[in-house]
$ cat final_28.csv   # CSV, C-alpha atoms
chain,number,residue,atom,x,y,z
A,75,MET,CA,13.6,30.9,74.2
A,76,PRO,CA,12.7,34.3,72.8
A,77,THR,CA,9.1,35.3,72.7
A,78,THR,CA,9.1,35.8,68.9
A,79,ALA,CA,10.5,32.4,68.2
A,80,LEU,CA,7.9,30.8,70.5
A,81,ARG,CA,5.1,32.5,68.6
A,82,ARG,CA,6.5,31.2,65.3
A,83,ILE,CA,6.4,27.6,66.6
A,84,GLN,CA,2.9,28.0,68.1
A,85,ARG,CA,1.5,29.8,65.0
A,86,PRO,CA,3.0,28.1,61.8
A,87,GLY,CA,2.2,29.7,58.5
A,88,ARG,CA,-0.3,28.3,56.1
A,89,HIS,CA,2.5,26.8,53.9
A,90,THR,CA,3.9,24.7,56.7
A,91,ASN,CA,0.6,23.2,57.8
A,92,LEU,CA,0.9,19.5,56.8
A,93,SER,CA,-2.1,18.2,58.7
A,94,ALA,CA,-4.8,19.3,56.3
A,95,ALA,CA,-5.9,16.4,54.1
A,96,PRO,CA,-7.4,17.1,50.6
A,97,ASP,CA,-11.1,16.9,50.2
A,98,PRO,CA,-11.9,13.9,48.0
A,99,HIS,CA,-15.1,15.6,46.8
A,100,THR,CA,-13.2,18.6,45.5
A,101,SER,CA,-10.1,16.9,44.1
A,102,ALA,CA,-11.9,14.1,42.2
A,103,SER,CA,-12.0,14.6,38.4
A,104,PRO,CA,-15.4,15.7,37.1
A,105,TYR,CA,-14.9,13.5,34.0
A,106,LYS,CA,-15.6,9.8,33.7
A,107,VAL,CA,-14.2,7.3,31.2
A,108,THR,CA,-17.1,6.4,28.9
A,109,GLY,CA,-17.3,4.5,25.6
A,110,ARG,CA,-18.3,7.7,23.9
A,111,ARG,CA,-15.4,9.7,25.2
A,112,VAL,CA,-13.0,6.9,24.3
A,113,LEU,CA,-14.4,6.8,20.8
A,114,ARG,CA,-14.0,10.6,20.4
A,115,SER,CA,-10.4,10.3,21.6
A,116,GLU,CA,-9.6,7.6,19.0
A,117,TRP,CA,-11.4,9.6,16.3
A,118,ALA,CA,-9.3,12.7,17.1
A,119,LYS,CA,-6.2,10.5,17.3
A,120,PHE,CA,-6.9,8.9,13.9
A,121,TRP,CA,-7.4,12.2,12.0
A,122,SER,CA,-4.4,13.9,13.7
A,123,LEU,CA,-2.0,11.5,12.0
A,124,ARG,CA,-0.9,12.5,8.5
A,125,SER,CA,-0.5,8.8,7.6
A,126,SER,CA,-4.3,8.3,8.0
A,127,TRP,CA,-5.0,10.9,5.3
A,128,ILE,CA,-2.3,9.6,3.0
A,129,THR,CA,-3.1,5.9,3.3
A,130,LEU,CA,-6.8,6.4,2.8
A,131,GLY,CA,-6.2,8.6,-0.2
A,132,VAL,CA,-3.8,6.0,-1.7
A,133,ALA,CA,-6.4,3.2,-1.2
A,134,VAL,CA,-9.2,5.1,-3.0
A,135,PHE,CA,-6.8,6.3,-5.7
A,136,LEU,CA,-5.6,2.7,-6.4
A,137,LEU,CA,-9.2,1.4,-6.4
A,138,VAL,CA,-10.2,4.0,-9.0
A,139,LEU,CA,-7.0,3.9,-11.1
A,140,PHE,CA,-6.8,0.2,-11.6
A,141,GLY,CA,-10.5,-0.2,-12.1
A,142,ALA,CA,-10.5,2.5,-14.8
A,143,ILE,CA,-7.4,1.1,-16.5
A,144,ALA,CA,-8.8,-2.5,-16.6
A,145,SER,CA,-12.0,-1.3,-18.2
A,146,TYR,CA,-10.4,0.9,-20.9
A,147,THR,CA,-7.8,-1.8,-21.8
A,148,TYR,CA,-10.3,-4.7,-21.9
A,149,SER,CA,-10.2,-6.7,-25.1
A,150,PRO,CA,-12.3,-9.9,-25.7
A,151,ASP,CA,-9.4,-11.6,-27.4
A,152,ALA,CA,-6.6,-10.4,-25.1
A,153,THR,CA,-5.8,-13.9,-23.9
A,154,ALA,CA,-5.6,-15.3,-27.4
A,155,THR,CA,-3.2,-12.5,-28.5
A,156,GLY,CA,-0.9,-13.1,-25.5
A,157,GLY,CA,-2.3,-10.3,-23.3
A,158,PRO,CA,-2.5,-10.4,-19.6
A,159,PRO,CA,-4.8,-13.1,-18.1
A,160,GLY,CA,-8.0,-12.0,-16.6
A,161,ALA,CA,-9.1,-9.1,-18.8
A,162,GLY,CA,-10.0,-11.4,-21.7
A,163,SER,CA,-11.2,-14.3,-19.8
A,164,GLY,CA,-14.8,-15.5,-20.1
A,165,ASP,CA,-15.4,-14.8,-16.4
A,166,SER,CA,-14.8,-11.0,-16.8
A,167,ASP,CA,-17.6,-8.5,-16.5
A,168,ALA,CA,-17.9,-4.8,-16.0
A,169,VAL,CA,-18.0,-5.1,-12.2
A,170,SER,CA,-15.0,-7.4,-11.9
A,171,LEU,CA,-12.9,-5.1,-14.1
A,172,ALA,CA,-14.0,-2.0,-12.1
A,173,LEU,CA,-13.0,-3.8,-8.9
A,174,THR,CA,-9.5,-4.9,-10.2
A,175,GLY,CA,-7.9,-2.5,-7.6
A,176,VAL,CA,-9.6,-4.1,-4.6
A,177,THR,CA,-6.5,-6.2,-3.9
A,178,PHE,CA,-4.2,-3.2,-3.8
A,179,ALA,CA,-6.7,-1.1,-1.8
A,180,SER,CA,-7.1,-3.9,0.7
A,181,LEU,CA,-3.3,-3.8,1.4
A,182,ALA,CA,-3.5,0.0,2.0
A,183,VAL,CA,-6.5,-0.1,4.4
A,184,GLY,CA,-5.1,-3.2,6.1
A,185,VAL,CA,-1.8,-1.6,6.7
A,186,LEU,CA,-3.6,1.5,8.0
A,187,GLY,CA,-5.4,-0.6,10.5
A,188,VAL,CA,-2.2,-2.2,11.7
A,189,LEU,CA,-0.5,1.1,12.2
A,190,LEU,CA,-3.5,2.5,14.1
A,191,ALA,CA,-3.1,-0.3,16.7
A,192,ALA,CA,0.6,-1.5,16.6
A,193,GLY,CA,1.9,2.0,16.1
A,194,GLU,CA,1.1,3.0,19.7
A,195,TYR,CA,3.2,0.0,20.9
A,196,SER,CA,6.2,1.1,18.8
A,197,THR,CA,6.0,4.7,20.1
A,198,GLY,CA,5.1,3.7,23.7
A,199,MET,CA,1.9,5.8,23.6
A,200,ILE,CA,-0.1,2.7,24.5
A,201,ARG,CA,0.9,3.2,28.1
A,202,SER,CA,-0.7,6.6,28.2
A,203,THR,CA,-3.8,5.3,26.4
A,204,LEU,CA,-4.3,2.4,28.8
A,205,ALA,CA,-3.6,4.6,31.8
A,206,ALA,CA,-6.4,6.8,30.7
A,207,VAL,CA,-8.7,3.8,29.9
A,208,PRO,CA,-8.0,1.2,32.7
A,209,ARG,CA,-10.6,-1.2,31.4
A,210,ARG,CA,-8.6,-1.5,28.1
A,211,LEU,CA,-11.2,-3.2,25.9
A,212,PRO,CA,-13.0,0.1,25.0
A,213,VAL,CA,-9.7,1.1,23.3
A,214,LEU,CA,-9.8,-1.9,20.9
A,215,TRP,CA,-13.5,-1.5,20.2
A,216,SER,CA,-13.1,2.2,19.5
A,217,LYS,CA,-10.2,1.8,17.1
A,218,ALA,CA,-12.3,-0.8,15.2
A,219,ALA,CA,-15.4,1.4,15.3
A,220,VAL,CA,-13.4,4.4,13.9
A,221,ILE,CA,-11.6,2.9,11.0
A,222,GLY,CA,-14.4,0.5,9.9
A,223,PRO,CA,-17.0,3.0,8.9
A,224,ILE,CA,-14.4,5.4,7.5
A,225,ALA,CA,-13.1,2.7,5.2
A,226,LEU,CA,-16.6,1.5,4.3
A,227,VAL,CA,-17.7,5.0,3.1
A,228,LEU,CA,-14.6,6.0,1.3
A,229,THR,CA,-13.9,2.7,-0.5
A,230,SER,CA,-17.6,2.3,-1.5
A,231,ILE,CA,-17.4,5.7,-3.1
A,232,GLY,CA,-14.1,4.7,-4.8
A,233,ALA,CA,-15.7,1.4,-6.1
A,234,LEU,CA,-18.6,3.4,-7.5
A,235,ALA,CA,-16.3,5.9,-9.1
A,236,ALA,CA,-14.2,3.2,-10.6
A,237,PHE,CA,-17.3,1.6,-12.2
A,238,LEU,CA,-18.7,4.9,-13.5
A,239,LEU,CA,-15.3,6.0,-14.9
A,240,GLY,CA,-14.7,2.6,-16.6
A,241,SER,CA,-18.2,2.2,-18.1
A,242,PRO,CA,-17.5,4.4,-21.1
A,243,GLY,CA,-14.6,2.3,-22.0
A,244,LEU,CA,-16.8,-0.8,-22.3
A,245,ASP,CA,-19.5,0.7,-24.6
A,246,GLY,CA,-20.5,-1.8,-27.2
A,247,GLU,CA,-18.9,-4.7,-25.3
A,248,LYS,CA,-21.0,-7.7,-24.3
A,249,ILE,CA,-19.8,-7.4,-20.7
A,250,ALA,CA,-21.0,-3.8,-20.4
A,251,LEU,CA,-23.4,-3.2,-17.4
A,252,SER,CA,-25.2,-0.3,-15.8
A,253,LEU,CA,-25.9,0.5,-12.2
A,254,GLY,CA,-29.5,-0.7,-12.7
A,255,ASP,CA,-28.5,-4.2,-13.7
A,256,ASP,CA,-29.0,-7.1,-11.2
A,257,GLY,CA,-26.3,-7.3,-8.6
A,258,VAL,CA,-24.2,-4.4,-9.7
A,259,LEU,CA,-24.9,-2.1,-6.7
A,260,ARG,CA,-24.7,-5.1,-4.4
A,261,SER,CA,-21.2,-6.0,-5.7
A,262,LEU,CA,-19.9,-2.4,-5.4
A,263,ALA,CA,-21.2,-2.1,-1.9
A,264,GLY,CA,-19.8,-5.5,-1.1
A,265,ALA,CA,-16.3,-4.2,-2.1
A,266,GLY,CA,-16.7,-1.5,0.5
A,267,VAL,CA,-17.8,-3.9,3.2
A,268,TYR,CA,-14.9,-6.2,2.4
A,269,LEU,CA,-12.4,-3.4,2.6
A,270,ALA,CA,-13.9,-2.1,5.9
A,271,LEU,CA,-13.5,-5.6,7.4
A,272,VAL,CA,-9.9,-5.8,6.1
A,273,ALA,CA,-9.2,-2.5,8.0
A,274,VAL,CA,-10.7,-3.9,11.2
A,275,PHE,CA,-8.7,-7.1,10.6
A,276,GLY,CA,-5.6,-5.0,10.5
A,277,VAL,CA,-6.5,-3.3,13.8
A,278,ALA,CA,-7.0,-6.8,15.4
A,279,LEU,CA,-3.7,-8.1,14.1
A,280,GLY,CA,-1.8,-5.0,15.2
A,281,MET,CA,-3.3,-5.2,18.7
A,282,LEU,CA,-2.7,-9.0,18.8
A,283,LEU,CA,0.9,-9.0,17.6
A,284,ARG,CA,2.0,-5.5,18.8
A,285,SER,CA,4.4,-5.3,16.0
A,286,SER,CA,3.8,-3.3,12.8
A,287,ALA,CA,6.1,-5.4,10.7
A,288,GLY,CA,4.9,-8.7,12.0
A,289,ALA,CA,1.2,-7.7,11.7
A,290,ILE,CA,1.6,-6.5,8.1
A,291,ALA,CA,3.5,-9.7,7.2
A,292,VAL,CA,0.6,-11.8,8.6
A,293,LEU,CA,-2.0,-9.6,6.9
A,294,VAL,CA,-0.3,-10.0,3.4
A,295,GLY,CA,0.3,-13.7,4.0
A,296,THR,CA,-3.2,-14.4,5.0
A,297,LEU,CA,-5.0,-12.5,2.3
A,298,LEU,CA,-2.6,-13.1,-0.7
A,299,ILE,CA,0.0,-15.8,-0.1
A,300,LEU,CA,-2.0,-18.5,1.8
A,301,PRO,CA,-4.4,-19.3,-1.0
A,302,GLY,CA,-1.4,-19.8,-3.3
A,303,LEU,CA,0.4,-22.1,-0.9
A,304,ALA,CA,-2.8,-24.1,-0.5
A,305,THR,CA,-2.4,-25.4,-4.0
A,306,LEU,CA,0.3,-27.6,-2.8
A,307,LEU,CA,-2.3,-29.6,-0.8
A,308,PRO,CA,-4.0,-32.7,-2.3
A,309,ASP,CA,-6.8,-31.7,-4.7
A,310,SER,CA,-9.5,-33.2,-2.6
A,311,LEU,CA,-8.4,-31.3,0.5
A,312,TYR,CA,-7.7,-28.1,-1.5
A,313,ASP,CA,-11.2,-28.1,-3.0
A,314,THR,CA,-12.8,-28.5,0.4
A,315,ILE,CA,-11.0,-25.8,2.3
A,316,ASN,CA,-10.0,-23.3,-0.4
A,317,PRO,CA,-13.3,-21.3,-0.4
A,318,TYR,CA,-12.9,-20.7,3.4
A,319,PHE,CA,-9.5,-19.0,3.3
A,320,PRO,CA,-10.0,-15.3,4.4
A,321,GLY,CA,-8.9,-13.9,1.0
A,322,ASN,CA,-11.1,-16.2,-1.0
A,323,ALA,CA,-14.1,-15.8,1.3
A,324,GLY,CA,-13.7,-12.0,1.2
A,325,SER,CA,-13.5,-11.9,-2.6
A,326,ALA,CA,-16.8,-13.8,-2.8
A,327,VAL,CA,-18.5,-10.8,-1.0
A,328,TYR,CA,-18.1,-8.5,-4.0
A,329,ALA,CA,-18.3,-11.1,-6.8
A,330,LEU,CA,-21.1,-10.4,-9.3
A,331,HIS,CA,-21.3,-14.1,-10.3
A,332,GLN,CA,-20.8,-17.0,-8.1
A,333,SER,CA,-18.4,-19.7,-9.5
A,334,SER,CA,-18.8,-23.4,-8.7
A,335,ASP,CA,-15.8,-23.5,-6.4
A,336,SER,CA,-16.6,-20.3,-4.3
A,337,LEU,CA,-19.0,-19.3,-1.6
A,338,SER,CA,-22.1,-17.2,-2.1
A,339,PRO,CA,-21.8,-13.5,-1.2
A,340,GLY,CA,-23.6,-14.0,2.0
A,341,ALA,CA,-21.7,-17.1,3.0
A,342,GLY,CA,-18.4,-15.4,2.1
A,343,LEU,CA,-19.3,-12.4,4.2
A,344,ALA,CA,-20.1,-14.6,7.2
A,345,VAL,CA,-16.9,-16.6,6.9
A,346,PHE,CA,-14.6,-13.5,6.5
A,347,ALA,CA,-16.4,-11.7,9.3
A,348,GLY,CA,-15.9,-14.8,11.4
A,349,TRP,CA,-12.1,-14.6,10.8
A,350,VAL,CA,-12.1,-11.0,11.7
A,351,ALA,CA,-14.1,-11.6,14.9
A,352,LEU,CA,-11.8,-14.5,15.9
A,353,THR,CA,-8.8,-12.3,15.5
A,354,LEU,CA,-10.5,-9.5,17.5
A,355,ALA,CA,-11.2,-12.0,20.3
A,356,GLY,CA,-7.6,-13.0,20.4
A,357,ALA,CA,-6.5,-9.3,20.5
A,358,ALA,CA,-9.0,-8.6,23.3
A,359,TYR,CA,-7.7,-11.5,25.3
A,360,ARG,CA,-4.1,-10.5,25.0
A,361,LEU,CA,-4.9,-6.8,25.7
A,362,VAL,CA,-6.6,-7.7,29.0
A,363,LYS,CA,-4.3,-10.4,30.2
A,364,SER,CA,-0.8,-9.1,29.3
A,365,ASP,CA,1.1,-5.9,30.1
A,366,ALA,CA,1.6,-3.1,27.6
$ encode --input "final_28.csv" --output "structure tokens"
Amino acid sequence: MPTTALRRIQRPGRHTNLSAAPDPHTSASPYKVTGRRVLRSEWAKFWSLRSSWITLGVAVFLLVLFGAIASYTYSPDATATGGPPGAGSGDSDAVSLALTGVTFASLAVGVLGVLLAAGEYSTGMIRSTLAAVPRRLPVLWSKAAVIGPIALVLTSIGALAAFLLGSPGLDGEKIALSLGDDGVLRSLAGAGVYLALVAVFGVALGMLLRSSAGAIAVLVGTLLILPGLATLLPDSLYDTINPYFPGNAGSAVYALHQSSDSLSPGAGLAVFAGWVALTLAGAAYRLVKSDA
């Protein structure tokens, strides 16, 4: 064998040396997965989507628009003249008129919560998310922790704006109220709390069902359709369970006056929060136990 070839075998170059193992101390990532970092990631992910801005804007817009319209079109004898029910009923007050748009806003924020969770399953991004966060549960808690406070702040501002814009339309009416009257600020803040819980409820449904269409259908059915279907039950049973449906319990949170067949604001908040917590628990269980 030639001398030059022998030297090449005995002295391999640095690129052909396969015996060197990487140093675990130098190759390990300096970053750790913490709850704060997961929260920051979900925060950035939330605001990077155009749908987040649009849906939040629509929710606040509907809340203010319908509240102002209901206040300016209020007439004490609207029911007697064939007008739409509600505006002229004896149970109306300035707060209930201002919060007419809560139902529409709840659909917007609920759908946003569903898309925040189930949207990752439809795009396949959830695999990357769970690969980065192997413990999984911080992803669910962070999504809920992001959308809840955002919905709370924005919808509370929207409820306040709806009341202030609609108040001039009720000047001289018996139902007119001011912010200083008993229960007004509590009711307006209660609307924000309810809508924030609806947003978290949407996240829980999206993570539990992993289908945007399915979760939205369940959201709408639970909040709007279920109380209507319950009227088919016997009266005794209906009167017993009707206040505990999620939609009815949630509406008690922001009601200014408690009716005889509804829960108090505190009890309504506890019941609706219990429904949300139960759904979150189911979503957490499926997230941990099943594959993405």
$ closest_residue --input "final_28.csv" --among "A:Asp313, A:Leu282, A:Pro242, A:Leu330" --to "A:Tyr359" --atoms "only C-alpha atoms"
A:Leu282
$ residues_around --input "final_28.csv" --residues "A:Gly288" --least-positions-apart "6" --cutoff "10 Å" --atoms "all atoms listed in the file" --output "PyMOL selection string"
chain A and resi 188+192+279-280
$ residues_around --input "final_28.csv" --residues "stretch 340-355 of chain A" --least-positions-apart "2" --cutoff "8 Å" --atoms "only C-alpha atoms" --output "number ranges by chain"
A: 268, 271-272, 274-275, 278-279, 282, 318, 320-327, 337-338, 357-359
$ closest_residue --input "final_28.csv" --among "A:Gly302, A:Gly198, A:Gly184, A:Gly243" --to "A:Ala225" --atoms "all atoms listed in the file"
A:Gly184
$ atom_distance --input "final_28.csv" --atom1 "atom CA of A:Ala289" --atom2 "atom CA of A:Pro339"
27.0 Å
$ decode --input "final_28.csv" --residues "stretch 265-278 of chain A" --atoms "all heavy atoms" --output "PDB file, in the first residue's frame"
ATOM      1  N   ALA A 265     -72.314  41.581  33.269  1.00  0.00           N
ATOM      2  CA  ALA A 265     -72.364  41.229  31.848  1.00  0.00           C
ATOM      3  C   ALA A 265     -70.974  40.903  31.326  1.00  0.00           C
ATOM      4  O   ALA A 265     -70.792  39.950  30.552  1.00  0.00           O
ATOM      5  CB  ALA A 265     -72.976  42.384  31.061  1.00  0.00           C
ATOM      6  N   GLY A 266     -69.976  41.674  31.750  1.00  0.00           N
ATOM      7  CA  GLY A 266     -68.602  41.378  31.336  1.00  0.00           C
ATOM      8  C   GLY A 266     -68.112  40.058  31.881  1.00  0.00           C
ATOM      9  O   GLY A 266     -67.444  39.286  31.181  1.00  0.00           O
ATOM     10  N   VAL A 267     -68.449  39.760  33.140  1.00  0.00           N
ATOM     11  CA  VAL A 267     -68.045  38.486  33.736  1.00  0.00           C
ATOM     12  C   VAL A 267     -68.699  37.315  33.001  1.00  0.00           C
ATOM     13  O   VAL A 267     -68.054  36.302  32.706  1.00  0.00           O
ATOM     14  CB  VAL A 267     -68.409  38.465  35.237  1.00  0.00           C
ATOM     15  CG1 VAL A 267     -68.177  37.083  35.829  1.00  0.00           C
ATOM     16  CG2 VAL A 267     -67.598  39.509  36.003  1.00  0.00           C
ATOM     17  N   TYR A 268     -69.984  37.457  32.714  1.00  0.00           N
ATOM     18  CA  TYR A 268     -70.693  36.391  31.992  1.00  0.00           C
ATOM     19  C   TYR A 268     -70.074  36.135  30.623  1.00  0.00           C
ATOM     20  O   TYR A 268     -69.829  34.989  30.235  1.00  0.00           O
ATOM     21  CB  TYR A 268     -72.165  36.770  31.842  1.00  0.00           C
ATOM     22  CG  TYR A 268     -72.915  35.902  30.865  1.00  0.00           C
ATOM     23  CD1 TYR A 268     -73.186  34.564  31.152  1.00  0.00           C
ATOM     24  CD2 TYR A 268     -73.364  36.416  29.655  1.00  0.00           C
ATOM     25  CE1 TYR A 268     -73.867  33.761  30.254  1.00  0.00           C
ATOM     26  CE2 TYR A 268     -74.050  35.619  28.752  1.00  0.00           C
ATOM     27  CZ  TYR A 268     -74.298  34.302  29.053  1.00  0.00           C
ATOM     28  OH  TYR A 268     -74.968  33.506  28.161  1.00  0.00           O
ATOM     29  N   LEU A 269     -69.790  37.197  29.873  1.00  0.00           N
ATOM     30  CA  LEU A 269     -69.220  37.032  28.534  1.00  0.00           C
ATOM     31  C   LEU A 269     -67.802  36.470  28.596  1.00  0.00           C
ATOM     32  O   LEU A 269     -67.392  35.711  27.718  1.00  0.00           O
ATOM     33  CB  LEU A 269     -69.242  38.371  27.798  1.00  0.00           C
ATOM     34  CG  LEU A 269     -70.651  38.878  27.445  1.00  0.00           C
ATOM     35  CD1 LEU A 269     -70.589  40.290  26.891  1.00  0.00           C
ATOM     36  CD2 LEU A 269     -71.315  37.945  26.442  1.00  0.00           C
ATOM     37  N   ALA A 270     -67.041  36.823  29.631  1.00  0.00           N
ATOM     38  CA  ALA A 270     -65.714  36.237  29.796  1.00  0.00           C
ATOM     39  C   ALA A 270     -65.815  34.737  30.045  1.00  0.00           C
ATOM     40  O   ALA A 270     -65.038  33.944  29.492  1.00  0.00           O
ATOM     41  CB  ALA A 270     -64.979  36.920  30.949  1.00  0.00           C
ATOM     42  N   LEU A 271     -66.775  34.325  30.863  1.00  0.00           N
ATOM     43  CA  LEU A 271     -66.969  32.896  31.115  1.00  0.00           C
ATOM     44  C   LEU A 271     -67.456  32.175  29.862  1.00  0.00           C
ATOM     45  O   LEU A 271     -67.089  31.015  29.624  1.00  0.00           O
ATOM     46  CB  LEU A 271     -67.970  32.700  32.250  1.00  0.00           C
ATOM     47  CG  LEU A 271     -67.457  33.027  33.654  1.00  0.00           C
ATOM     48  CD1 LEU A 271     -68.594  32.937  34.669  1.00  0.00           C
ATOM     49  CD2 LEU A 271     -66.318  32.092  34.051  1.00  0.00           C
ATOM     50  N   VAL A 272     -68.270  32.835  29.035  1.00  0.00           N
ATOM     51  CA  VAL A 272     -68.700  32.233  27.774  1.00  0.00           C
ATOM     52  C   VAL A 272     -67.498  31.993  26.868  1.00  0.00           C
ATOM     53  O   VAL A 272     -67.402  30.959  26.191  1.00  0.00           O
ATOM     54  CB  VAL A 272     -69.741  33.130  27.076  1.00  0.00           C
ATOM     55  CG1 VAL A 272     -70.017  32.638  25.651  1.00  0.00           C
ATOM     56  CG2 VAL A 272     -71.037  33.152  27.865  1.00  0.00           C
ATOM     57  N   ALA A 273     -66.563  32.945  26.828  1.00  0.00           N
ATOM     58  CA  ALA A 273     -65.356  32.773  26.017  1.00  0.00           C
ATOM     59  C   ALA A 273     -64.539  31.575  26.494  1.00  0.00           C
ATOM     60  O   ALA A 273     -64.048  30.771  25.693  1.00  0.00           O
ATOM     61  CB  ALA A 273     -64.513  34.048  26.059  1.00  0.00           C
ATOM     62  N   VAL A 274     -64.387  31.437  27.810  1.00  0.00           N
ATOM     63  CA  VAL A 274     -63.666  30.285  28.359  1.00  0.00           C
ATOM     64  C   VAL A 274     -64.436  28.998  28.088  1.00  0.00           C
ATOM     65  O   VAL A 274     -63.846  27.945  27.796  1.00  0.00           O
ATOM     66  CB  VAL A 274     -63.432  30.482  29.872  1.00  0.00           C
ATOM     67  CG1 VAL A 274     -62.753  29.255  30.478  1.00  0.00           C
ATOM     68  CG2 VAL A 274     -62.583  31.721  30.122  1.00  0.00           C
ATOM     69  N   PHE A 275     -65.753  29.073  28.153  1.00  0.00           N
ATOM     70  CA  PHE A 275     -66.601  27.927  27.825  1.00  0.00           C
ATOM     71  C   PHE A 275     -66.367  27.484  26.387  1.00  0.00           C
ATOM     72  O   PHE A 275     -66.312  26.280  26.082  1.00  0.00           O
ATOM     73  CB  PHE A 275     -68.066  28.319  28.047  1.00  0.00           C
ATOM     74  CG  PHE A 275     -69.036  27.176  27.941  1.00  0.00           C
ATOM     75  CD1 PHE A 275     -68.795  25.955  28.553  1.00  0.00           C
ATOM     76  CD2 PHE A 275     -70.223  27.326  27.236  1.00  0.00           C
ATOM     77  CE1 PHE A 275     -69.704  24.906  28.464  1.00  0.00           C
ATOM     78  CE2 PHE A 275     -71.141  26.297  27.139  1.00  0.00           C
ATOM     79  CZ  PHE A 275     -70.876  25.079  27.749  1.00  0.00           C
ATOM     80  N   GLY A 276     -66.210  28.440  25.479  1.00  0.00           N
ATOM     81  CA  GLY A 276     -65.913  28.111  24.095  1.00  0.00           C
ATOM     82  C   GLY A 276     -64.572  27.418  23.941  1.00  0.00           C
ATOM     83  O   GLY A 276     -64.431  26.463  23.165  1.00  0.00           O
ATOM     84  N   VAL A 277     -63.561  27.887  24.676  1.00  0.00           N
ATOM     85  CA  VAL A 277     -62.251  27.222  24.650  1.00  0.00           C
ATOM     86  C   VAL A 277     -62.372  25.785  25.128  1.00  0.00           C
ATOM     87  O   VAL A 277     -61.811  24.857  24.520  1.00  0.00           O
ATOM     88  CB  VAL A 277     -61.236  27.998  25.515  1.00  0.00           C
ATOM     89  CG1 VAL A 277     -59.955  27.201  25.704  1.00  0.00           C
ATOM     90  CG2 VAL A 277     -60.919  29.340  24.884  1.00  0.00           C
ATOM     91  N   ALA A 278     -63.092  25.575  26.213  1.00  0.00           N
ATOM     92  CA  ALA A 278     -63.255  24.226  26.765  1.00  0.00           C
ATOM     93  C   ALA A 278     -63.976  23.313  25.780  1.00  0.00           C
ATOM     94  O   ALA A 278     -63.576  22.153  25.579  1.00  0.00           O
ATOM     95  CB  ALA A 278     -64.008  24.293  28.087  1.00  0.00           C
TER      96      ALA A 278
END
